[in-house]
$ cat model.csv   # CSV, C-alpha atoms
chain,number,residue,atom,x,y,z
A,1,MET,CA,5.7,-11.9,9.1
A,2,PHE,CA,4.6,-9.9,6.1
A,3,VAL,CA,0.9,-9.1,6.2
A,4,ASP,CA,-0.5,-7.3,3.2
A,5,GLU,CA,-4.3,-7.5,3.7
A,6,ALA,CA,-6.6,-6.9,6.7
A,7,HIS,CA,-10.3,-6.7,7.3
A,8,ILE,CA,-11.4,-4.4,10.1
A,9,THR,CA,-14.4,-2.5,11.4
A,10,VAL,CA,-14.1,1.2,12.3
A,11,VAL,CA,-16.6,2.9,14.5
A,12,ALA,CA,-16.6,6.7,15.0
A,13,GLY,CA,-17.7,8.3,18.2
A,14,ASP,CA,-21.3,9.2,18.9
A,15,GLY,CA,-22.3,12.8,19.4
A,16,GLY,CA,-23.1,13.8,23.0
A,17,ASN,CA,-26.7,14.6,23.9
A,18,GLY,CA,-27.8,18.2,24.4
A,19,CYS,CA,-28.9,19.2,27.9
A,20,VAL,CA,-32.2,20.6,29.2
A,21,SER,CA,-31.4,22.9,32.1
A,22,PHE,CA,-32.6,26.2,33.6
A,23,ARG,CA,-30.6,28.7,35.5
A,24,ARG,CA,-31.2,28.5,39.2
A,25,GLU,CA,-29.3,30.9,41.4
A,26,LYS,CA,-30.1,32.8,44.6
A,27,PHE,CA,-32.4,35.7,44.0
A,28,ILE,CA,-33.0,34.4,40.5
A,29,PRO,CA,-35.7,31.8,40.9
A,30,LYS,CA,-36.8,31.7,37.3
A,31,GLY,CA,-33.7,32.0,35.2
A,32,GLY,CA,-33.7,31.2,31.6
A,33,PRO,CA,-32.7,28.0,29.8
A,34,ASP,CA,-28.9,27.3,30.0
A,35,GLY,CA,-28.6,23.7,28.7
A,36,GLY,CA,-25.3,23.3,26.6
A,37,ASN,CA,-24.7,21.4,23.4
A,38,GLY,CA,-23.3,17.9,23.3
A,39,GLY,CA,-19.8,17.4,21.9
A,40,ASP,CA,-19.1,15.9,18.5
A,41,GLY,CA,-17.9,12.3,18.3
A,42,GLY,CA,-14.3,11.6,17.4
A,43,ASP,CA,-13.3,10.5,13.9
A,44,VAL,CA,-11.5,7.4,12.8
A,45,VAL,CA,-8.4,8.4,10.8
A,46,LEU,CA,-5.9,6.4,8.8
A,47,ALA,CA,-2.5,8.1,9.0
A,48,VAL,CA,0.7,6.9,7.1
A,49,ASP,CA,3.7,6.0,9.2
A,50,GLU,CA,6.7,5.6,7.0
A,51,GLY,CA,8.3,3.4,9.6
A,52,LEU,CA,5.8,0.6,8.9
A,53,ASN,CA,5.9,-1.9,6.1
A,54,THR,CA,3.2,-4.4,7.0
A,55,LEU,CA,-0.4,-4.6,8.2
A,56,MET,CA,0.7,-6.9,11.1
A,57,GLU,CA,-0.9,-4.5,13.6
A,58,PHE,CA,-4.3,-5.6,12.5
A,59,ARG,CA,-3.9,-9.3,13.2
A,60,GLY,CA,-6.4,-10.2,15.9
A,61,VAL,CA,-7.7,-6.7,16.3
A,62,HIS,CA,-10.8,-6.4,14.3
A,63,GLU,CA,-12.6,-3.3,15.7
A,64,TRP,CA,-11.3,0.2,16.1
A,65,ARG,CA,-13.4,2.8,17.9
A,66,ALA,CA,-13.1,6.6,18.5
A,67,ARG,CA,-14.4,8.2,21.7
A,68,SER,CA,-17.9,9.6,21.9
A,69,GLY,CA,-18.5,13.3,22.6
A,70,GLU,CA,-19.5,14.4,26.1
A,71,HIS,CA,-23.1,15.3,26.9
A,72,GLY,CA,-24.0,19.0,27.4
A,73,ARG,CA,-24.4,20.3,30.9
A,74,GLY,CA,-26.2,23.2,32.6
A,75,SER,CA,-24.8,26.7,32.9
A,76,GLN,CA,-24.2,26.6,29.1
A,77,GLN,CA,-21.4,24.1,29.4
A,78,TYR,CA,-20.8,22.4,26.1
A,79,GLY,CA,-19.7,18.8,26.1
A,80,ALA,CA,-16.1,18.1,25.0
A,81,ARG,CA,-15.4,16.6,21.5
A,82,GLY,CA,-14.5,13.0,21.5
A,83,ASP,CA,-10.9,12.1,20.8
A,84,ASP,CA,-10.1,10.8,17.3
A,85,ARG,CA,-8.8,7.3,16.8
A,86,VAL,CA,-5.7,7.5,14.6
A,87,ILE,CA,-4.8,4.2,13.0
A,88,THR,CA,-1.2,4.2,11.6
A,89,VAL,CA,-0.7,2.3,8.3
A,90,PRO,CA,2.3,1.8,6.0
A,91,PRO,CA,2.6,4.0,2.8
A,92,GLY,CA,1.0,2.2,-0.1
A,93,THR,CA,-2.1,1.2,1.9
A,94,ILE,CA,-5.4,1.2,0.0
A,95,ALA,CA,-8.7,1.2,1.9
A,96,HIS,CA,-12.0,-0.2,0.4
A,97,ASP,CA,-15.5,-0.1,1.9
A,98,GLU,CA,-16.1,-3.9,2.4
A,99,ASP,CA,-19.8,-3.6,1.7
A,100,THR,CA,-19.8,-1.4,-1.4
A,101,ASP,CA,-16.3,-2.1,-2.7
A,102,GLU,CA,-15.8,1.6,-3.0
A,103,LEU,CA,-12.2,2.8,-3.0
A,104,LEU,CA,-11.9,5.2,-0.1
A,105,CYS,CA,-8.3,6.2,-0.2
A,106,ASP,CA,-4.9,5.4,-1.6
A,107,LEU,CA,-2.3,6.6,0.9
A,108,ALA,CA,1.1,7.9,0.0
A,109,PRO,CA,3.8,9.1,2.6
A,110,GLY,CA,2.4,11.9,4.7
A,111,ASP,CA,-1.2,11.3,3.9
A,112,ARG,CA,-4.2,11.2,6.4
A,113,PHE,CA,-7.7,10.2,5.6
A,114,VAL,CA,-10.9,10.2,7.7
A,115,VAL,CA,-12.6,6.8,7.1
A,116,ALA,CA,-15.4,7.2,9.6
A,117,ARG,CA,-16.8,10.6,10.8
A,118,GLY,CA,-18.0,11.2,14.3
A,119,GLY,CA,-21.6,12.0,15.0
A,120,ARG,CA,-22.7,15.7,15.6
A,121,GLY,CA,-23.5,16.6,19.1
A,122,GLY,CA,-27.1,17.4,20.0
A,123,ARG,CA,-28.2,21.0,20.8
A,124,GLY,CA,-29.2,21.9,24.3
A,125,ASN,CA,-32.3,23.8,25.2
A,126,GLU,CA,-30.4,27.1,25.5
A,127,HIS,CA,-30.2,26.9,21.7
A,128,PHE,CA,-34.0,26.9,21.3
A,129,LYS,CA,-35.0,29.9,23.3
A,130,SER,CA,-36.8,32.7,21.5
A,131,SER,CA,-39.1,35.6,22.2
A,132,THR,CA,-42.1,33.3,21.8
A,133,ASN,CA,-40.6,30.3,23.6
A,134,GLN,CA,-38.7,31.6,26.6
A,135,ALA,CA,-38.6,28.2,28.5
A,136,PRO,CA,-37.9,25.5,25.9
A,137,ARG,CA,-37.9,22.1,27.4
A,138,LYS,CA,-36.4,20.2,24.5
A,139,ALA,CA,-32.9,19.2,23.5
A,140,GLU,CA,-31.5,17.1,20.7
A,141,PRO,CA,-29.9,13.7,21.1
A,142,GLY,CA,-26.4,13.2,19.6
A,143,GLU,CA,-26.1,11.7,16.2
A,144,PRO,CA,-24.4,8.2,15.9
A,145,GLY,CA,-21.0,8.0,14.5
A,146,GLU,CA,-20.3,6.3,11.2
A,147,ARG,CA,-19.6,2.6,11.2
A,148,ARG,CA,-17.7,0.9,8.4
A,149,ARG,CA,-16.2,-2.4,7.5
A,150,LEU,CA,-12.9,-1.9,5.7
A,151,ARG,CA,-10.6,-4.0,3.6
A,152,LEU,CA,-7.1,-2.7,3.8
A,153,GLU,CA,-4.5,-3.7,1.2
A,154,LEU,CA,-0.8,-2.9,1.2
A,155,ARG,CA,0.8,-2.4,-2.2
A,156,LEU,CA,4.5,-1.9,-1.9
A,157,ILE,CA,6.0,1.4,-3.1
A,158,ALA,CA,9.2,0.6,-4.8
A,159,GLU,CA,10.9,2.0,-7.9
A,160,VAL,CA,12.0,-1.3,-9.3
A,161,GLY,CA,10.1,-4.6,-9.2
A,162,LEU,CA,12.1,-7.8,-9.7
A,163,VAL,CA,10.1,-10.4,-11.6
A,164,GLY,CA,10.8,-13.8,-13.0
A,165,LYS,CA,10.2,-17.4,-12.6
A,166,PRO,CA,11.0,-19.2,-9.3
A,167,ASN,CA,14.7,-19.7,-8.9
A,168,ALA,CA,15.5,-16.9,-11.4
A,169,GLY,CA,17.9,-15.4,-8.8
A,170,LYS,CA,15.8,-12.5,-7.6
A,171,SER,CA,16.5,-12.9,-3.9
A,172,THR,CA,20.2,-13.5,-4.5
A,173,LEU,CA,20.3,-10.3,-6.6
A,174,LEU,CA,18.5,-8.2,-4.0
A,175,LYS,CA,20.9,-9.4,-1.4
A,176,ALA,CA,23.9,-8.6,-3.6
A,177,LEU,CA,22.6,-5.1,-4.4
A,178,THR,CA,21.2,-4.0,-1.1
A,179,ARG,CA,21.4,-4.8,2.7
A,180,ALA,CA,18.1,-6.8,2.6
A,181,THR,CA,18.3,-10.3,3.9
A,182,PRO,CA,15.8,-12.3,1.9
A,183,LYS,CA,15.7,-16.1,2.2
A,184,VAL,CA,17.8,-17.7,-0.5
A,185,GLY,CA,17.5,-21.4,-1.6
A,186,ALA,CA,17.6,-23.7,-4.5
A,187,TYR,CA,13.9,-24.6,-4.6
A,188,PRO,CA,10.8,-22.9,-5.9
A,189,PHE,CA,9.0,-20.2,-4.0
A,190,THR,CA,11.8,-19.4,-1.6
A,191,THR,CA,10.3,-15.9,-1.4
A,192,LEU,CA,6.8,-16.1,0.0
A,193,HIS,CA,6.4,-12.4,0.7
A,194,PRO,CA,7.7,-9.3,-1.1
A,195,GLN,CA,11.0,-8.0,0.1
A,196,LEU,CA,12.3,-4.4,-0.1
A,197,GLY,CA,15.9,-3.2,-0.3
A,198,ILE,CA,17.7,0.0,-1.1
A,199,ALA,CA,20.7,0.0,-3.4
A,200,GLU,CA,23.1,2.9,-3.0
A,201,LEU,CA,25.0,3.9,-6.2
A,202,ASP,CA,26.7,6.8,-4.3
A,203,SER,CA,26.1,9.2,-1.5
A,204,GLU,CA,23.4,11.0,-3.5
A,205,ARG,CA,21.8,8.3,-5.5
A,206,ARG,CA,19.7,5.3,-4.4
A,207,ILE,CA,17.2,2.9,-5.8
A,208,ILE,CA,14.4,1.1,-3.9
A,209,LEU,CA,13.9,-2.4,-5.2
A,210,ALA,CA,11.2,-5.0,-4.4
A,211,ASP,CA,11.7,-8.8,-4.8
A,212,ILE,CA,8.3,-10.1,-5.9
A,213,PRO,CA,7.6,-13.8,-5.4
A,214,GLY,CA,8.2,-16.0,-8.4
A,215,LEU,CA,5.6,-16.1,-11.1
A,216,ILE,CA,4.4,-19.2,-13.0
A,217,GLU,CA,2.1,-19.8,-15.9
A,218,GLY,CA,-1.5,-19.2,-14.8
A,219,ALA,CA,-0.4,-16.6,-12.1
A,220,ALA,CA,-2.9,-14.0,-13.5
A,221,ARG,CA,-5.7,-16.6,-12.9
A,222,GLY,CA,-4.5,-17.4,-9.3
A,223,ALA,CA,-2.0,-20.2,-9.9
A,224,GLY,CA,1.0,-20.4,-7.5
A,225,LEU,CA,1.8,-17.3,-5.5
A,226,GLY,CA,1.7,-14.9,-8.4
A,227,HIS,CA,-1.9,-13.7,-8.3
A,228,GLU,CA,-1.6,-12.6,-4.6
A,229,PHE,CA,1.5,-10.5,-5.3
A,230,LEU,CA,1.1,-9.3,-8.9
A,231,ARG,CA,-0.6,-6.2,-7.5
A,232,HIS,CA,2.6,-5.1,-5.8
A,233,ILE,CA,4.4,-4.8,-9.2
A,234,GLU,CA,1.7,-2.2,-10.2
A,235,ARG,CA,3.3,0.3,-7.9
A,236,THR,CA,6.8,0.0,-9.3
A,237,SER,CA,8.2,2.4,-11.9
A,238,ILE,CA,10.3,-0.2,-13.7
A,239,VAL,CA,10.2,-4.0,-14.1
A,240,LEU,CA,13.5,-5.7,-13.9
A,241,HIS,CA,12.9,-9.1,-15.5
A,242,LEU,CA,15.4,-11.8,-14.4
A,243,LEU,CA,16.0,-14.8,-16.6
A,244,GLU,CA,18.2,-17.7,-15.8
A,245,VAL,CA,20.8,-18.0,-18.5
A,246,GLU,CA,20.7,-21.8,-18.1
A,247,PRO,CA,17.3,-22.8,-16.6
A,248,GLY,CA,17.4,-25.9,-14.5
A,249,ASP,CA,14.1,-27.2,-15.7
A,250,GLY,CA,15.2,-27.6,-19.3
A,251,THR,CA,13.4,-24.6,-20.7
A,252,SER,CA,15.1,-21.7,-22.4
A,253,PRO,CA,15.5,-18.1,-21.3
A,254,GLU,CA,13.3,-16.9,-24.2
A,255,GLU,CA,10.6,-19.4,-23.4
A,256,ASN,CA,10.5,-18.1,-19.8
A,257,TYR,CA,10.5,-14.5,-21.0
A,258,ARG,CA,7.4,-15.1,-23.1
A,259,ALA,CA,5.6,-17.0,-20.3
A,260,ILE,CA,6.1,-14.2,-17.8
A,261,ARG,CA,5.3,-11.4,-20.2
A,262,ALA,CA,2.0,-13.2,-21.0
A,263,GLU,CA,1.1,-13.3,-17.3
A,264,LEU,CA,1.9,-9.6,-16.8
A,265,ALA,CA,-0.3,-8.8,-19.9
A,266,ALA,CA,-3.1,-11.0,-18.7
A,267,TYR,CA,-3.2,-9.3,-15.3
A,268,SER,CA,-3.0,-5.7,-16.5
A,269,SER,CA,-2.2,-4.0,-19.8
A,270,ALA,CA,-0.8,-1.0,-17.8
A,271,LEU,CA,1.6,-3.4,-16.0
A,272,ALA,CA,2.7,-5.0,-19.3
A,273,GLY,CA,3.4,-1.5,-20.6
A,274,LYS,CA,5.8,-0.5,-17.9
A,275,PRO,CA,9.5,0.1,-18.7
A,276,GLU,CA,11.4,-3.1,-18.6
A,277,ILE,CA,15.1,-4.1,-18.3
A,278,ILE,CA,16.0,-7.7,-18.9
A,279,ALA,CA,18.9,-9.3,-17.0
A,280,LEU,CA,20.2,-12.7,-17.8
A,281,SER,CA,21.2,-14.0,-14.3
A,282,LYS,CA,23.7,-16.6,-13.1
A,283,ALA,CA,26.2,-15.8,-15.9
A,284,ASP,CA,28.9,-17.4,-13.8
A,285,LEU,CA,27.4,-20.9,-14.5
A,286,VAL,CA,28.3,-20.6,-18.3
A,287,SER,CA,32.0,-20.2,-19.0
A,288,ASP,CA,31.6,-20.0,-22.8
A,289,GLU,CA,31.2,-16.4,-23.8
A,290,GLU,CA,29.9,-17.3,-27.2
A,291,ALA,CA,27.2,-19.4,-25.7
A,292,LEU,CA,26.3,-16.4,-23.4
A,293,ARG,CA,26.0,-14.1,-26.4
A,294,ALA,CA,23.9,-16.6,-28.3
A,295,ARG,CA,21.5,-16.8,-25.4
A,296,MET,CA,21.3,-13.0,-25.2
A,297,ASP,CA,20.6,-12.8,-28.9
A,298,ALA,CA,17.8,-15.3,-28.5
A,299,VAL,CA,16.2,-13.3,-25.7
A,300,ARG,CA,16.6,-10.1,-27.8
A,301,ALA,CA,14.8,-11.7,-30.7
A,302,ALA,CA,12.0,-12.7,-28.3
A,303,ALA,CA,11.7,-9.4,-26.5
A,304,GLY,CA,12.4,-7.0,-29.4
A,305,SER,CA,15.3,-4.8,-30.1
A,306,GLU,CA,13.8,-1.9,-28.0
A,307,ARG,CA,14.3,-3.8,-24.7
A,308,GLU,CA,17.5,-3.2,-22.8
A,309,ILE,CA,19.3,-6.5,-22.0
A,310,THR,CA,22.3,-7.1,-19.8
A,311,MET,CA,24.2,-10.1,-18.4
A,312,ILE,CA,24.8,-10.4,-14.7
A,313,SER,CA,26.0,-12.7,-11.9
A,314,ALA,CA,25.1,-11.9,-8.3
A,315,ALA,CA,27.6,-14.5,-7.2
A,316,SER,CA,30.6,-13.0,-9.0
A,317,GLY,CA,29.4,-9.4,-9.2
A,318,ARG,CA,29.5,-9.3,-12.9
A,319,GLY,CA,27.5,-6.6,-14.5
A,320,LEU,CA,25.9,-5.4,-11.2
A,321,ARG,CA,27.3,-1.9,-11.3
A,322,ASP,CA,26.2,-1.5,-14.9
A,323,LEU,CA,22.8,-2.8,-14.1
A,324,LEU,CA,22.3,-0.2,-11.3
A,325,GLU,CA,23.4,2.6,-13.7
A,326,ARG,CA,20.9,1.4,-16.3
A,327,LEU,CA,18.1,1.3,-13.7
A,328,TRP,CA,19.0,4.8,-12.6
A,329,ARG,CA,19.0,6.2,-16.1
A,330,ALA,CA,15.7,4.5,-16.8
A,331,LEU,CA,14.1,5.9,-13.7
A,332,HIS,CA,15.2,9.4,-14.6
A,333,THR,CA,14.3,9.6,-18.3
A,334,GLU,CA,10.9,9.6,-19.9
A,335,TRP,CA,9.8,6.1,-21.0
A,336,VAL,CA,8.4,5.5,-24.5
A,337,SER,CA,6.7,2.1,-24.9
A,338,PRO,CA,8.1,0.0,-27.7
A,339,GLY,CA,6.2,0.7,-30.9
A,340,ARG,CA,5.2,4.2,-29.8
A,341,THR,CA,7.0,7.3,-30.8
A,342,PRO,CA,7.5,10.2,-28.3

$ encode --input "model.csv" --output "structure tokens"
Amino acid sequence: MFVDEAHITVVAGDGGNGCVSFRREKFIPKGGPDGGNGGDGGDVVLAVDEGLNTLMEFRGVHEWRARSGEHGRGSQQYGARGDDRVITVPPGTIAHDEDTDELLCDLAPGDRFVVARGGRGGRGNEHFKSSTNQAPRKAEPGEPGERRRLRLELRLIAEVGLVGKPNAGKSTLLKALTRATPKVGAYPFTTLHPQLGIAELDSERRIILADIPGLIEGAARGAGLGHEFLRHIERTSIVLHLLEVEPGDGTSPEENYRAIRAELAAYSSALAGKPEIIALSKADLVSDEEALRARMDAVRAAAGSEREITMISAASGRGLRDLLERLWRALHTEWVSPGRTP
């Protein structure tokens, strides 16, 4: 199961109390103060584990606590610091404070972030001795650790995001290009959760692709599955826009292109400005090459001459190698938005 959002409470450890104690040994009936400090409480830390790709670990576990520090003891013994609670999360995890909506961290591979700090340990009476107060009888209590309610969101980190209407062939293409095993079927919303796959061009070149659930009109306002997963496309470097060369619902490729572009722009202008390659999919269903070229010309007129357009068939393998090479070049060259000069 793919889980991309979780709500949890994190509680850092309390600091240990300082100790009030006086030295008592044989032949030293009135020793000075020797109460030690309490230990600091443990922190709650989010740490990225690149082997994870879901927030499934948080289902049913709503509170995560670090250990409190030990109390100080006599003979100037300081309490031990409480152990940190390290919570492992996938790369691409974003943490917000649930109460203030403050963005706390945006975690990339290798990152760690303290989301709740442990309380400071209290000072023992040994700390308060002075020339004018040689027998202090006070110590400080430990400070409480931070407590926070967090909203965790997972945004997939992929280089290429596959977008298009339901049944555009995204899952089939991902399966053909990578070793991913997405669900494939001839009905809308086959893909209910984002799927990742790695396409290998050769021993030194690879591309990470994400199949994003199909978008429909109104997705940016929450219709269908689109609103829930549009945020995943924000992390990709390139948008690979799949269009059925012969849509089964009676629409045209250029109509579908305009509809999806409108949803991307409505959701985020930055998303709409990402580099885009257009692929007309399921070319094997149309045997007339002139008809294929006519459809490509129509999409080019709708998209603009600046867009790269290619014809592919995941079933027959047509154009797949060329598509990967195009994606690789686009990923490794500077992008200039249409209408803007370098």

$ atom_distance --input "model.csv" --atom1 "CA of Gly317 (chain A)" --atom2 "CA of Ile238 (chain A)"
21.7 Å

$ closest_residue --input "model.csv" --among "A:Arg23, A:Arg261, A:Lys165, A:Arg147" --to "Arg73 (chain A)" --atoms "only C-alpha atoms"
A:Arg23

$ residues_near_point --input "model.csv" --point "(-34.8, 20.1, 22.8)" --cutoff "9 Å" --atoms "all atoms listed in the file" --output "ChimeraX atom specification"
/A:18-20,122-128,136-141

$ residues_around --input "model.csv" --residues "Glu102 (chain A)" --least-positions-apart "3" --cutoff "12 Å" --atoms "all atoms listed in the file" --output "list in words"
Ile94, Ala95, His96, Asp97, Glu98, Asp99, Cys105, Asp106, Val115, Arg148, Arg149, Leu150, Arg151 and Leu152 of chain A

$ residues_around --input "model.csv" --residues "Ala47 (chain A)" --least-positions-apart "6" --cutoff "8 Å" --atoms "all atoms listed in the file" --output "compact mmCIF listing (two decimals) with C-alpha atoms, keeping the file's coordinate frame"
# COMPACT_ATOMS: atom_id res chain seq x y z
CA VAL A 86 -5.70 7.50 14.60
CA ILE A 87 -4.80 4.20 13.00
CA THR A 88 -1.20 4.20 11.60
CA VAL A 89 -0.70 2.30 8.30
CA GLY A 110 2.40 11.90 4.70
CA ASP A 111 -1.20 11.30 3.90
CA ARG A 112 -4.20 11.20 6.40
CA PHE A 113 -7.70 10.20 5.60

$ residues_around --input "model.csv" --residues "Asp40 (chain A)" --least-positions-apart "2" --cutoff "7 Å" --atoms "only C-alpha atoms" --output "list in words"
Gly15, Gly16, Gly38, Gly42, Gly69, Arg81, Gly82, Gly118, Gly119, Arg120 and Gly121 of chain A

$ residues_around --input "model.csv" --residues "Thr93 (chain A)" --least-positions-apart "2" --cutoff "10 Å" --atoms "only C-alpha atoms" --output "PyMOL selection string"
chain A and resi 4-5+46-48+53-55+89-91+95+105-109+152-157

$ atom_distance --input "model.csv" --atom1 "CA of Thr310 (chain A)" --atom2 "CA of Thr178 (chain A)"
19.0 Å

$ residues_around --input "model.csv" --residues "region 313-316 of chain A" --least-positions-apart "2" --cutoff "7 Å" --atoms "all atoms listed in the file" --output "ChimeraX atom specification"
/A:172-173,176,281-284,318-319

$ atom_distance --input "model.csv" --atom1 "CA of Met296 (chain A)" --atom2 "CA of Arg235 (chain A)"
28.3 Å

$ closest_residue --input "model.csv" --among "A:Asp84, A:Asp101, A:Glu50, A:Asp43" --to "Arg117 (chain A)" --atoms "all atoms listed in the file"
A:Asp43

$ closest_residue --input "model.csv" --among "A:Glu200, A:Glu246, A:Glu146, A:Asp322" --to "Ala168 (chain A)" --atoms "only C-alpha atoms"
A:Glu246

$ residues_near_point --input "model.csv" --point "(19.5, -5.0, -0.7)" --cutoff "10 Å" --atoms "only C-alpha atoms" --output "ChimeraX atom specification"
/A:171-182,195-200,207-211

$ closest_residue --input "model.csv" --among "A:Glu25, A:Glu276, A:Asp34, A:Asp14" --to "His71 (chain A)" --atoms "only C-alpha atoms"
A:Asp14
